[in-house]
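Novice: Okay, handing you the structure first.
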Amino acid sequence: MTEAPPEGSRSQDLLGSEHDDADAVDLQGSIAGLANLVTGSLGLDELLRRVATFATSAIPGADGAGVTLLKVDGSDHRVVALAASHPFVTEIDEIQYITVKEGPCITAALERRTVRSGSLGGERMWPRFGPRVGRLGVHSALSLPLLLPEQVIGAINVYAHRRNVFDEHAAHLGELFAVPAAVAVHNAHVLTQARALAAQLQQALSTRPVIDQAIGLLRGRTGASAEEAFERLREISQSEHTKLAELAQRIVEDAVRRARARRSPS
Amino acid sequence: MEITAALAADLASLSETLDERDADIHEGLRRLAADVASAVRSYLGLTVVADNGTSPVRFLAMEDSADAADVVSSLALPLWDESAGAARTRVVVVLYAGRSGAFVDLAADLCWLTGRPLADFALDEHLDLLAEPDTDCGMQAASAVNQAIGVLLGHGYTPEQADLEIDARAAAAGHSRSDAADIILGDPPSEHANPTLRAR
């Protein structure tokens, strides 16, 4: 990412030449996938889903994974976006973020550290989350914070049905995967924010002229100020359940029709 | 992020036209700036240019206490969809940073994300934007002209006649179109009856 080496060299730096086992091959393949997955204008949600899928491949023993973007503010958090590689992960996400508001992702993001559990049903860290997920037949969890230099932007949550699946080696591979994943996810988020801003500006600037003309019409008829005329338009729009721009367009078109009718020879 | 009170008012005015509860362009701008600052440590600010072909709008939002003189690199993000057609407003966000090469990796990632060629994300080609004065983003002037057109429409002018009338008044008084529009908006309503209608 940002002010860091390019993707390819990043992954090589992370892996080193001695990691020549199957896990490292899986990890390298997944990181290479991260570098390529974005080709072709992916939306943020689809990118998150693919990162989750790559995480499942990268981390030995994983049966599924989810990626969550969080707005972390002090001890509080808000889910900005999330995606899952498998349906059972979606079910777990709902328990974690909606039902009990506790779990490995929230802990990993708030405490900026990797957390893992090999027996969720009896996990003391999450007394409400653990038993519920255990009853679904999911017993192991590994959560990796997505870290930027000065903030945490979310977490990758990896799950397995068997007990004690994620050892230190799996956690280490996960942390290696999380570094470029955080970059890819955050840059996608930057792009999403920029596109949202552009879309709002495009819409506002395309409708503002006709709204201003309607304001002018009301000002010319009533002597009202621009603010008063705008407020009047808004009141009419709300009472008629009509979009402001559509109402303004109708008012202007009426005036133009009348002007043309008066000009045309009869 | 620092913006002038006038720009804040313009952005609030634009947000009001969106018909979306909680739509807040100022907040969207602030969030984008914060996210870029997380991605690029030497980030200093941004310029937004929105061009609909008739009344382009441009505004600058620098980080708190950042100085334009410290900017040494820029990255332009083209944010319009070519398939939407030429009539669509073209929005470009230009990011600034205080470190040379600061945007190289972000540009590469955005190139992947969008599927656009890397050449679309111009690096260090928009530093001159900072040298231009940024006292007025252009929205107030465009707004005044359109409101004046509305006043004239209400008095029997067609849109074409209204446009010509504003041009004529501006030329006669040696004013800009927006100055002429302000005068129309300040006049009593009876001042603007269409002379071609009065003659009949």
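Ordering of the structure tokens sets the chain letters (A, B, ...); residue numbers start at 1 within each chain; ligands are numbered from 1 in the order shown.
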Could you go through segment 11-196 of chain B and tell me which residues DSSP, when run on the backbone, assigns to alpha helix (DSSP H), listing them as a PyMOL selection string?
Specialist: chain B and resi 11-16+25-39+104-114+139-153+159-173+177-186+195-196
Novice: Using only C-alpha atoms, select each residue of chain B with any atom at most 6 Å away from an atom of chain A, and give the selection as a list in words.
Specialist: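 Written out as asked, the residues are Leu14, Thr17, Leu18, Gly28, Leu32, Asp35, Ala39, Val40, Thr89, Val91, Ala102, Asp105, Leu106, Trp112, Leu113, Thr114, Gly115, Ser143, Asn146, Gln147, Ala148, Gly150, Val151, Gly154, Gly156, Tyr157, Thr158 and Pro189 of chain B.
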Novice: Can you list every residue in segment 12-144 of chain B that DSSP puts in strand (DSSP E), as a list in words?
Specialist: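 Matching residues for strand (DSSP E) in segment 12-144 of chain B are Tyr43, Leu44, Gly45, Leu46, Thr47, Val48, Val49, Ala50, Asp51, Val57, Arg58, Phe59, Leu60, Ala61, Met62, Ser73, Ser74, Leu75, Ala76, Leu77, Pro78, Arg90, Val91, Val92, Val93, Val94, Leu95, Tyr96 and Ala97 of chain B.
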Novice: Could you check the closest approach to Thr56 of chain A for each of A:Gln96, A:Ser117, A:Asn157, A:Thr107 and tell me which residue wins, using only C-alpha atoms?
Specialist: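 When distances to Thr56 of chain A are compared using only C-alpha atoms, the smallest one comes from A:Asn157.
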Novice: Between A:Arg135, A:Lys101, A:Arg162, A:Arg50, which has the minimum distance to Gly118 of chain A (counting only C-alpha atoms)?
Specialist: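 The closest residue to Gly118 of chain A is A:Arg162.
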Novice: For segment 45-48 of chain B, list every protein, DNA or RNA residue within 9 Å, evaluated using only C-alpha atoms, and leave out those in the same chain fewer than 3 positions away; present the list as an mmCIF file with C-alpha atoms, in the first residue's frame.
Specialist:
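Saved as result38.cif:
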```cif
data_model
loop_
_atom_site.group_PDB
_atom_site.id
_atom_site.type_symbol
_atom_site.label_atom_id
_atom_site.label_comp_id
_atom_site.auth_asym_id
_atom_site.auth_seq_id
_atom_site.Cartn_x
_atom_site.Cartn_y
_atom_site.Cartn_z
ATOM 1 C CA ALA A 198 -18.391 11.948 -6.715
ATOM 2 C CA MET B 1 -9.579 19.210 7.430
ATOM 3 C CA GLU B 2 -9.885 22.961 6.904
ATOM 4 C CA ALA B 33 -9.740 12.984 3.522
ATOM 5 C CA ALA B 37 -4.630 10.334 5.411
ATOM 6 C CA VAL B 57 -16.955 23.876 -9.635
ATOM 7 C CA ARG B 58 -13.633 23.554 -7.863
ATOM 8 C CA PHE B 59 -12.757 23.558 -4.206
ATOM 9 C CA LEU B 60 -9.774 22.901 -1.983
ATOM 10 C CA ALA B 61 -9.715 21.195 1.422
ATOM 11 C CA MET B 62 -6.317 21.154 3.110
ATOM 12 C CA GLU B 63 -5.535 19.309 6.310
ATOM 13 C CA ASP B 64 -5.441 21.358 9.494
ATOM 14 C CA ALA B 66 -1.103 22.105 6.213
ATOM 15 C CA ALA B 68 0.160 24.428 0.120
ATOM 16 C CA VAL B 71 2.985 19.961 -1.395
ATOM 17 C CA SER B 74 -0.238 14.852 -6.395
ATOM 18 C CA VAL B 91 -15.556 14.682 -11.116
ATOM 19 C CA VAL B 92 -11.826 14.548 -10.469
ATOM 20 C CA VAL B 93 -10.324 14.433 -6.981
ATOM 21 C CA VAL B 94 -6.706 15.566 -6.789
ATOM 22 C CA LEU B 95 -4.843 14.428 -3.686
ATOM 23 C CA TYR B 96 -1.740 16.219 -2.376
ATOM 24 C CA ALA B 97 1.145 14.994 -0.247
ATOM 25 C CA LEU B 129 -4.069 23.862 -9.154
ATOM 26 C CA LEU B 130 -2.685 24.987 -5.808
#
```
